[in-house]
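Take a look at the structure set out below.
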Amino acid sequence: MRESVFQGLGIVSTLAYGAVIAWLYATAPRSLGEVATGARVAAGTYQVDQARFDAGLRLFRSEQFRAARDEWGRADPAQRDPRTQFYIAYAFYREGWGRVYKDDVLYRQGIVAVNRAIAASPAATLVVANPTLQMHTAAELQAELEQGTERHMGDLNPLKLLEPRK
Amino acid sequence: MTDPRGQRAFIHYVVLPMLLLTVALLGGLRVAAADHAFLFVAPPLVTLVLAGLLMALFVRGGLVRPSAWVRADRPLLGNLAHILTLAALFAASAQAFNSVLPEQGLLHWLFAFFFLWTLWNNQFAPFDPARLLRSLAVLFGTAFALKHMLLAGLQPAETGWMGRVAAALLQGVSLGTLDVPAFAPATGYISFFTVVLYVGCLMLMPAAPGGDEVRQLARAG
């Protein structure tokens with residue numbers, strides 16, 4: 001074979017391998033499973049595990065929010081699916097909601113999750129058409145979670161005790 | 001591929017950069033002791049400085065002759081392949097240092113100073129490629145033994161009362177800044193493989209493309 005063939009092969013393989021290494025250091029996967037998931041995301045073949053997602057939805061409807069989040073976490077290990085991240089944020093909201101007080105820690109985790117949902121759907125407004133939910137867009141959920149973590153004089157209004165959980 | 005020239009070209013243009021990049025990949029890889037998760041440690045700035053000094057040493061020691069690697073009268077493809085190989089050598093050098101440097105604390109800076117001092121002194125010492133290679137093998141071997149055998153052995157969770165006493169003493173000597181992160185034993189094996197592979201790559205490295213590898217020069221010397 002001509003030397004130029006090896007040169008071309010060397011250039012292509014060096015650039016490709018170098019890109020893989022840069023990607024590994026940028027994404028820092030913690031296991032071979034995460035490497036495989038990351039590769040599927042990079043290749044555009046990543047899909048949410050629908051069975052696990054549905055299982056999470058059943059748990060969510062029966063108010064088992066932690067178990068639901070766990071299932072959704074396994075369904076979307078790369079945290080790239082906007083709909084799954086929306087539901088995870090919603091589970092944080094519902095678990096953190098209280099008539100007298102809101103759990104700041106859970107609400108903040110919800111904000112992180114809803115921000116992931118928004119980041120994962122930059123092209124369009126994320127709308128989840130689920131009739132059992134009172135909030136259908138990521139923006140609504142984000143605003144609700146952020147308001148829940150803020151402190152102001154209106155919190156002392158006794159009528160707030162009558163506000164329903166969404 | 002029975003043609004010796006073809007074999008040599010394959011090793012030079014394909015195998016050597018791949019091996020160097022493998023060093024660059026593994027040099028920053030650690031395995032956490034707690035959950036055996038991968039941890040990718042990006043090369044600290046000081047390792048880039050050390051790699052720069054080492055590249056200068058390669059040139060001064062005759063391990064690499066830049067004017068033979070990149071020439072105006074060579075086709076663009078050949079020059080590009082050589083530039084990428086030299087870039088891979090730089091990345092591998094930085095990551096080889098990263099592999100044997102403690103991650104943080106006073107010991108990180110002590111090791112870095114030790115490397116800087118040695119490399120700076122070597123800039124003014126007469127070297128031939130074979131001697132330089134032997135010197136580097138000893139340098140990396142020593143740092144590897146200190147980090148992955150001595151310091152790793154001082155982790156309290158892993159050792160008995162003697163280890164705990166030694167760790168406490170060393171903690172006192174190092175002004176309380178002995179921060180040795182807990183890594184799984186696999187980290188030491190990965191580092192050993194990385195250092196051996198790096199020295200092997202240097203042996204495969206021709207001073208000039210088409211010239212003899214350092215391995216052959218060493219045998220001749």
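Ligands are numbered from 1 in the order shown, chains are lettered A, B, ... in the order of the structure tokens, and residues start at 1 in each chain.
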Exercise for the section: Just the residues within 10 Å of Tyr46 in chain A, please, counting only C-alpha atoms, with nothing from its chain fewer than 6 positions along; format it as a PyMOL selection string. Expected result: chain A and resi 36-40+76+78+80-81
Kindly assemble as CSV a list of the chain A residues that lie within 12 Å of chain B, each paired with its nearest atom pair and their distance in Å to one decimal, using only C-alpha atoms, sorted first by chain and then by ascending residue number.
```
residue,atom,partner,partner_atom,distance
A:Met1,CA,B:Gly6,CA,6.4
A:Arg2,CA,B:Gly6,CA,7.6
A:Glu3,CA,B:Ala9,CA,6.4
A:Ser4,CA,B:Leu77,CA,7.2
A:Val5,CA,B:Phe10,CA,9.3
A:Phe6,CA,B:Phe10,CA,5.9
A:Gln7,CA,B:Tyr13,CA,5.7
A:Gly8,CA,B:Leu77,CA,6.9
A:Leu9,CA,B:Val14,CA,6.8
A:Gly10,CA,B:Val14,CA,4.4
A:Ile11,CA,B:Ala81,CA,5.4
A:Val12,CA,B:Ala81,CA,9.2
A:Ser13,CA,B:Val14,CA,7.3
A:Thr14,CA,B:Pro17,CA,6.3
A:Leu15,CA,B:Leu84,CA,8.2
A:Ala16,CA,B:Met18,CA,10.2
A:Tyr17,CA,B:Leu21,CA,7.3
A:Gly18,CA,B:Leu21,CA,6.8
A:Ala19,CA,B:Leu21,CA,10.4
A:Val20,CA,B:Leu25,CA,9.2
A:Ile21,CA,B:Leu25,CA,5.9
A:Ala22,CA,B:Leu25,CA,8.7
A:Trp23,CA,B:Leu25,CA,10.7
A:Leu24,CA,B:Phe40,CA,7.8
A:Tyr25,CA,B:Phe40,CA,5.8
A:Ala26,CA,B:Phe40,CA,8.8
A:Thr27,CA,B:Phe40,CA,9.1
A:Ala28,CA,B:Phe40,CA,5.8
A:Pro29,CA,B:Phe38,CA,6.8
A:Arg30,CA,B:Phe38,CA,4.4
A:Ser31,CA,B:Ala37,CA,5.7
A:Leu32,CA,B:Phe38,CA,8.5
A:Gly33,CA,B:Ala37,CA,10.7
A:Glu34,CA,B:Phe38,CA,10.0
A:Val35,CA,B:Phe38,CA,10.2
```
May I have the residues from that selection written out with N, CA and C atoms, as an mmCIF file, in the first residue's frame?
```
data_model
loop_
_atom_site.group_PDB
_atom_site.id
_atom_site.type_symbol
_atom_site.label_atom_id
_atom_site.label_comp_id
_atom_site.auth_asym_id
_atom_site.auth_seq_id
_atom_site.Cartn_x
_atom_site.Cartn_y
_atom_site.Cartn_z
ATOM 1 N N MET A 1 0.838 -1.212 0.000
ATOM 2 C CA MET A 1 0.000 0.000 0.000
ATOM 3 C C MET A 1 0.870 1.259 0.000
ATOM 4 N N ARG A 2 0.352 2.279 -0.606
ATOM 5 C CA ARG A 2 1.129 3.517 -0.671
ATOM 6 C C ARG A 2 1.153 4.189 0.690
ATOM 7 N N GLU A 3 2.242 4.938 0.931
ATOM 8 C CA GLU A 3 2.419 5.598 2.235
ATOM 9 C C GLU A 3 1.294 6.600 2.506
ATOM 10 N N SER A 4 0.823 7.244 1.430
ATOM 11 C CA SER A 4 -0.226 8.261 1.629
ATOM 12 C C SER A 4 -1.520 7.649 2.166
ATOM 13 N N VAL A 5 -1.755 6.360 1.840
ATOM 14 C CA VAL A 5 -2.952 5.681 2.363
ATOM 15 C C VAL A 5 -2.842 5.567 3.881
ATOM 16 N N PHE A 6 -1.665 5.148 4.347
ATOM 17 C CA PHE A 6 -1.449 5.028 5.798
ATOM 18 C C PHE A 6 -1.532 6.397 6.472
ATOM 19 N N GLN A 7 -1.006 7.409 5.760
ATOM 20 C CA GLN A 7 -1.067 8.765 6.328
ATOM 21 C C GLN A 7 -2.517 9.207 6.513
ATOM 22 N N GLY A 8 -3.319 8.988 5.477
ATOM 23 C CA GLY A 8 -4.738 9.361 5.556
ATOM 24 C C GLY A 8 -5.451 8.580 6.643
ATOM 25 N N LEU A 9 -5.174 7.269 6.694
ATOM 26 C CA LEU A 9 -5.785 6.412 7.720
ATOM 27 C C LEU A 9 -5.382 6.884 9.117
ATOM 28 N N GLY A 10 -4.113 7.236 9.251
ATOM 29 C CA GLY A 10 -3.604 7.717 10.542
ATOM 30 C C GLY A 10 -4.276 9.013 10.960
ATOM 31 N N ILE A 11 -4.436 9.929 10.018
ATOM 32 C CA ILE A 11 -5.064 11.230 10.334
ATOM 33 C C ILE A 11 -6.509 11.023 10.786
ATOM 34 N N VAL A 12 -7.241 10.222 10.010
ATOM 35 C CA VAL A 12 -8.665 9.998 10.343
ATOM 36 C C VAL A 12 -8.789 9.306 11.699
ATOM 37 N N SER A 13 -8.002 8.241 11.900
ATOM 38 C CA SER A 13 -8.133 7.489 13.159
ATOM 39 C C SER A 13 -7.673 8.323 14.349
ATOM 40 N N THR A 14 -6.630 9.136 14.173
ATOM 41 C CA THR A 14 -6.151 9.973 15.277
ATOM 42 C C THR A 14 -7.203 11.015 15.655
ATOM 43 N N LEU A 15 -7.783 11.654 14.636
ATOM 44 C CA LEU A 15 -8.797 12.677 14.921
ATOM 45 C C LEU A 15 -10.028 12.054 15.575
ATOM 46 N N ALA A 16 -10.443 10.882 15.068
ATOM 47 C CA ALA A 16 -11.643 10.227 15.621
ATOM 48 C C ALA A 16 -11.391 9.793 17.068
ATOM 49 N N TYR A 17 -10.253 9.167 17.309
ATOM 50 C CA TYR A 17 -9.932 8.694 18.663
ATOM 51 C C TYR A 17 -9.769 9.886 19.615
ATOM 52 N N GLY A 18 -9.126 10.926 19.121
ATOM 53 C CA GLY A 18 -8.948 12.141 19.934
ATOM 54 C C GLY A 18 -10.297 12.748 20.312
ATOM 55 N N ALA A 19 -11.228 12.735 19.364
ATOM 56 C CA ALA A 19 -12.570 13.278 19.643
ATOM 57 C C ALA A 19 -13.278 12.430 20.697
ATOM 58 N N VAL A 20 -13.107 11.111 20.597
ATOM 59 C CA VAL A 20 -13.731 10.210 21.594
ATOM 60 C C VAL A 20 -13.165 10.498 22.988
ATOM 61 N N ILE A 21 -11.853 10.692 23.055
ATOM 62 C CA ILE A 21 -11.217 10.957 24.357
ATOM 63 C C ILE A 21 -11.711 12.298 24.919
ATOM 64 N N ALA A 22 -11.755 13.310 24.060
ATOM 65 C CA ALA A 22 -12.241 14.627 24.513
ATOM 66 C C ALA A 22 -13.681 14.514 25.010
ATOM 67 N N TRP A 23 -14.497 13.725 24.284
ATOM 68 C CA TRP A 23 -15.898 13.535 24.684
ATOM 69 C C TRP A 23 -15.979 12.823 26.040
ATOM 70 N N LEU A 24 -15.128 11.813 26.235
ATOM 71 C CA LEU A 24 -15.140 11.076 27.512
ATOM 72 C C LEU A 24 -14.776 11.999 28.674
ATOM 73 N N TYR A 25 -13.766 12.842 28.459
ATOM 74 C CA TYR A 25 -13.359 13.743 29.550
ATOM 75 C C TYR A 25 -14.394 14.857 29.765
ATOM 76 N N ALA A 26 -15.089 15.247 28.703
ATOM 77 C CA ALA A 26 -16.105 16.302 28.845
ATOM 78 C C ALA A 26 -17.351 15.766 29.541
ATOM 79 N N THR A 27 -17.753 14.535 29.220
ATOM 80 C CA THR A 27 -18.989 14.000 29.790
ATOM 81 C C THR A 27 -18.742 13.216 31.075
ATOM 82 N N ALA A 28 -17.511 12.743 31.276
ATOM 83 C CA ALA A 28 -17.117 12.017 32.494
ATOM 84 C C ALA A 28 -18.116 10.933 32.904
ATOM 85 N N PRO A 29 -18.322 9.934 32.058
ATOM 86 C CA PRO A 29 -19.218 8.848 32.462
ATOM 87 C C PRO A 29 -18.621 8.072 33.634
ATOM 88 N N ARG A 30 -19.479 7.569 34.510
ATOM 89 C CA ARG A 30 -19.000 6.912 35.728
ATOM 90 C C ARG A 30 -18.977 5.389 35.612
ATOM 91 N N SER A 31 -19.488 4.869 34.513
ATOM 92 C CA SER A 31 -19.465 3.414 34.328
ATOM 93 C C SER A 31 -19.521 3.115 32.835
ATOM 94 N N LEU A 32 -19.297 1.839 32.499
ATOM 95 C CA LEU A 32 -19.384 1.463 31.081
ATOM 96 C C LEU A 32 -20.815 1.638 30.568
ATOM 97 N N GLY A 33 -21.785 1.442 31.468
ATOM 98 C CA GLY A 33 -23.194 1.652 31.093
ATOM 99 C C GLY A 33 -23.436 3.094 30.684
ATOM 100 N N GLU A 34 -22.849 4.020 31.445
ATOM 101 C CA GLU A 34 -23.008 5.442 31.104
ATOM 102 C C GLU A 34 -22.279 5.778 29.804
ATOM 103 N N VAL A 35 -21.163 5.089 29.559
ATOM 104 C CA VAL A 35 -20.446 5.300 28.287
ATOM 105 C C VAL A 35 -21.363 4.903 27.131
#
```
Handout entry: Contacts of Ala120 in chain A within 9 Å, only C-alpha atoms, excl. fewer than 3 positions in-chain, as a ChimeraX atom specification
Key = /A:79-82,85,115-117,123
Please write the residues from the selection above to a file, keeping C-alpha atoms, as a PDB file, in the first residue's frame.
```pdb
ATOM      1  CA  GLN A  79     -31.492  12.867  31.619  1.00  0.00           C
ATOM      2  CA  ARG A  80     -32.129  13.951  28.043  1.00  0.00           C
ATOM      3  CA  ASP A  81     -35.837  13.319  27.639  1.00  0.00           C
ATOM      4  CA  PRO A  82     -37.826  16.530  28.336  1.00  0.00           C
ATOM      5  CA  GLN A  85     -37.573  15.276  33.304  1.00  0.00           C
ATOM      6  CA  ASN A 115     -34.493  23.254  34.008  1.00  0.00           C
ATOM      7  CA  ARG A 116     -33.141  20.041  32.473  1.00  0.00           C
ATOM      8  CA  ALA A 117     -36.525  19.509  30.793  1.00  0.00           C
ATOM      9  CA  ALA A 123     -36.825  24.351  19.978  1.00  0.00           C
TER      10      ALA A 123
END
```
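Using only C-alpha atoms, the contacts of Ala143 in chain B at a cut-off of 8 Å, with sequence neighbours closer than 3 positions omitted, comprise Val100, Leu101, Phe111, Leu139, Phe140, Leu146 and Lys147 of chain B.
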Exercise for the section: Assign secondary structure with DSSP using the backbone only, and return the residues of range 32-145 of chain A in alpha helix (DSSP H) as a PyMOL selection string. Expected result: chain A and resi 32-43+50-61+65-75+82-96+104-120+138-145
Exercise for the section: Could you jot down the CA of Pro44 in chain B to CA of Val41 in chain A separation for me, Å, one decimal place? Expected result: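 Atom-to-atom, CA of Pro44 in chain B and CA of Val41 in chain A are spaced 28.4 Å apart.
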List as a PDB file with N, CA and C atoms, in the first residue's frame the protein and nucleic acid residues near Pro102 in chain B, meaning an atom at most 12 Å away when only C-alpha atoms are counted, but skip any in the same chain fewer than 6 places from it.
```pdb
ATOM      1  N   GLY B  28      -5.577   9.933  32.859  1.00  0.00           N
ATOM      2  CA  GLY B  28      -6.433  10.670  33.796  1.00  0.00           C
ATOM      3  C   GLY B  28      -7.538   9.812  34.386  1.00  0.00           C
ATOM      4  N   ARG B  30      -9.207   7.294  36.871  1.00  0.00           N
ATOM      5  CA  ARG B  30      -9.112   6.730  38.220  1.00  0.00           C
ATOM      6  C   ARG B  30     -10.382   5.916  38.461  1.00  0.00           C
ATOM      7  N   VAL B  41      -9.913  12.522  35.421  1.00  0.00           N
ATOM      8  CA  VAL B  41      -9.240  13.701  35.975  1.00  0.00           C
ATOM      9  C   VAL B  41      -8.529  14.412  34.820  1.00  0.00           C
ATOM     10  N   PRO B  43      -6.081  16.887  32.863  1.00  0.00           N
ATOM     11  CA  PRO B  43      -4.692  17.206  33.244  1.00  0.00           C
ATOM     12  C   PRO B  43      -4.585  18.583  33.882  1.00  0.00           C
ATOM     13  N   PRO B  44      -3.990  18.683  35.075  1.00  0.00           N
ATOM     14  CA  PRO B  44      -3.787  20.015  35.673  1.00  0.00           C
ATOM     15  C   PRO B  44      -2.814  20.832  34.821  1.00  0.00           C
ATOM     16  N   THR B  47       0.858  19.886  34.548  1.00  0.00           N
ATOM     17  CA  THR B  47       1.265  18.756  33.705  1.00  0.00           C
ATOM     18  C   THR B  47       1.503  19.212  32.257  1.00  0.00           C
ATOM     19  N   HIS B 108       1.018  16.913  45.857  1.00  0.00           N
ATOM     20  CA  HIS B 108       0.880  17.230  44.433  1.00  0.00           C
ATOM     21  C   HIS B 108       1.967  18.217  44.026  1.00  0.00           C
ATOM     22  N   TRP B 109       2.134  19.253  44.851  1.00  0.00           N
ATOM     23  CA  TRP B 109       3.112  20.288  44.502  1.00  0.00           C
ATOM     24  C   TRP B 109       4.541  19.812  44.734  1.00  0.00           C
ATOM     25  N   LEU B 110       4.740  18.943  45.721  1.00  0.00           N
ATOM     26  CA  LEU B 110       6.080  18.382  45.928  1.00  0.00           C
ATOM     27  C   LEU B 110       6.498  17.539  44.723  1.00  0.00           C
ATOM     28  N   PHE B 111       5.584  16.697  44.275  1.00  0.00           N
ATOM     29  CA  PHE B 111       5.878  15.862  43.100  1.00  0.00           C
ATOM     30  C   PHE B 111       6.107  16.743  41.866  1.00  0.00           C
ATOM     31  N   ALA B 112       5.253  17.751  41.702  1.00  0.00           N
ATOM     32  CA  ALA B 112       5.371  18.634  40.536  1.00  0.00           C
ATOM     33  C   ALA B 112       6.726  19.349  40.565  1.00  0.00           C
ATOM     34  N   ALA B 143       8.162   7.846  40.369  1.00  0.00           N
ATOM     35  CA  ALA B 143       6.934   8.573  40.744  1.00  0.00           C
ATOM     36  C   ALA B 143       5.767   7.604  40.897  1.00  0.00           C
ATOM     37  N   PHE B 144       5.703   6.614  40.006  1.00  0.00           N
ATOM     38  CA  PHE B 144       4.631   5.626  40.104  1.00  0.00           C
ATOM     39  C   PHE B 144       4.713   4.877  41.435  1.00  0.00           C
ATOM     40  N   ALA B 145       5.929   4.426  41.784  1.00  0.00           N
ATOM     41  CA  ALA B 145       6.085   3.659  43.026  1.00  0.00           C
ATOM     42  C   ALA B 145       5.720   4.514  44.235  1.00  0.00           C
ATOM     43  N   LEU B 146       6.134   5.782  44.219  1.00  0.00           N
ATOM     44  CA  LEU B 146       5.825   6.655  45.355  1.00  0.00           C
ATOM     45  C   LEU B 146       4.323   6.874  45.497  1.00  0.00           C
ATOM     46  N   LYS B 147       3.667   7.148  44.365  1.00  0.00           N
ATOM     47  CA  LYS B 147       2.238   7.466  44.460  1.00  0.00           C
ATOM     48  C   LYS B 147       1.386   6.221  44.687  1.00  0.00           C
ATOM     49  N   HIS B 148       1.561   5.222  43.849  1.00  0.00           N
ATOM     50  CA  HIS B 148       0.610   4.109  43.868  1.00  0.00           C
ATOM     51  C   HIS B 148       1.001   2.986  44.818  1.00  0.00           C
ATOM     52  N   MET B 149       2.225   2.990  45.303  1.00  0.00           N
ATOM     53  CA  MET B 149       2.600   1.941  46.250  1.00  0.00           C
ATOM     54  C   MET B 149       2.760   2.528  47.651  1.00  0.00           C
ATOM     55  N   LEU B 150       3.562   3.586  47.755  1.00  0.00           N
ATOM     56  CA  LEU B 150       3.813   4.149  49.096  1.00  0.00           C
ATOM     57  C   LEU B 150       2.598   4.915  49.613  1.00  0.00           C
ATOM     58  N   LEU B 151       2.169   5.922  48.844  1.00  0.00           N
ATOM     59  CA  LEU B 151       1.061   6.763  49.329  1.00  0.00           C
ATOM     60  C   LEU B 151      -0.257   5.996  49.399  1.00  0.00           C
ATOM     61  N   ALA B 152      -0.511   5.149  48.398  1.00  0.00           N
ATOM     62  CA  ALA B 152      -1.764   4.379  48.419  1.00  0.00           C
ATOM     63  C   ALA B 152      -1.782   3.441  49.627  1.00  0.00           C
ATOM     64  N   LEU B 178      -1.938  16.351  53.868  1.00  0.00           N
ATOM     65  CA  LEU B 178      -1.799  15.074  53.170  1.00  0.00           C
ATOM     66  C   LEU B 178      -3.181  14.633  52.701  1.00  0.00           C
ATOM     67  N   ASP B 179      -3.551  15.086  51.526  1.00  0.00           N
ATOM     68  CA  ASP B 179      -4.867  14.747  50.991  1.00  0.00           C
ATOM     69  C   ASP B 179      -4.679  13.658  49.947  1.00  0.00           C
ATOM     70  N   VAL B 180      -4.804  12.430  50.356  1.00  0.00           N
ATOM     71  CA  VAL B 180      -4.690  11.327  49.400  1.00  0.00           C
ATOM     72  C   VAL B 180      -6.096  10.780  49.164  1.00  0.00           C
ATOM     73  N   PRO B 181      -6.689  11.071  48.002  1.00  0.00           N
ATOM     74  CA  PRO B 181      -8.038  10.567  47.754  1.00  0.00           C
ATOM     75  C   PRO B 181      -8.022   9.036  47.712  1.00  0.00           C
ATOM     76  N   ALA B 182      -9.124   8.439  48.129  1.00  0.00           N
ATOM     77  CA  ALA B 182      -9.201   6.981  48.148  1.00  0.00           C
ATOM     78  C   ALA B 182      -9.606   6.468  46.772  1.00  0.00           C
ATOM     79  N   PHE B 183      -8.692   5.756  46.131  1.00  0.00           N
ATOM     80  CA  PHE B 183      -8.990   5.136  44.840  1.00  0.00           C
ATOM     81  C   PHE B 183      -8.922   3.629  44.987  1.00  0.00           C
ATOM     82  N   GLY B 188      -4.146   1.824  40.394  1.00  0.00           N
ATOM     83  CA  GLY B 188      -2.706   1.557  40.311  1.00  0.00           C
ATOM     84  C   GLY B 188      -2.356   0.713  39.103  1.00  0.00           C
ATOM     85  N   SER B 191      -2.586   2.856  36.036  1.00  0.00           N
ATOM     86  CA  SER B 191      -1.439   3.768  35.965  1.00  0.00           C
ATOM     87  C   SER B 191      -0.178   3.018  35.527  1.00  0.00           C
TER      88      SER B 191
END
```
Practice task
Rank nothing, just name the residue among B:Pro185, B:Pro209, B:Gly141, B:Gly153 nearest to Ala33 in chain B, using only C-alpha atoms.
Solution key: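 Smallest separation from Ala33 in chain B among the options: B:Pro185.
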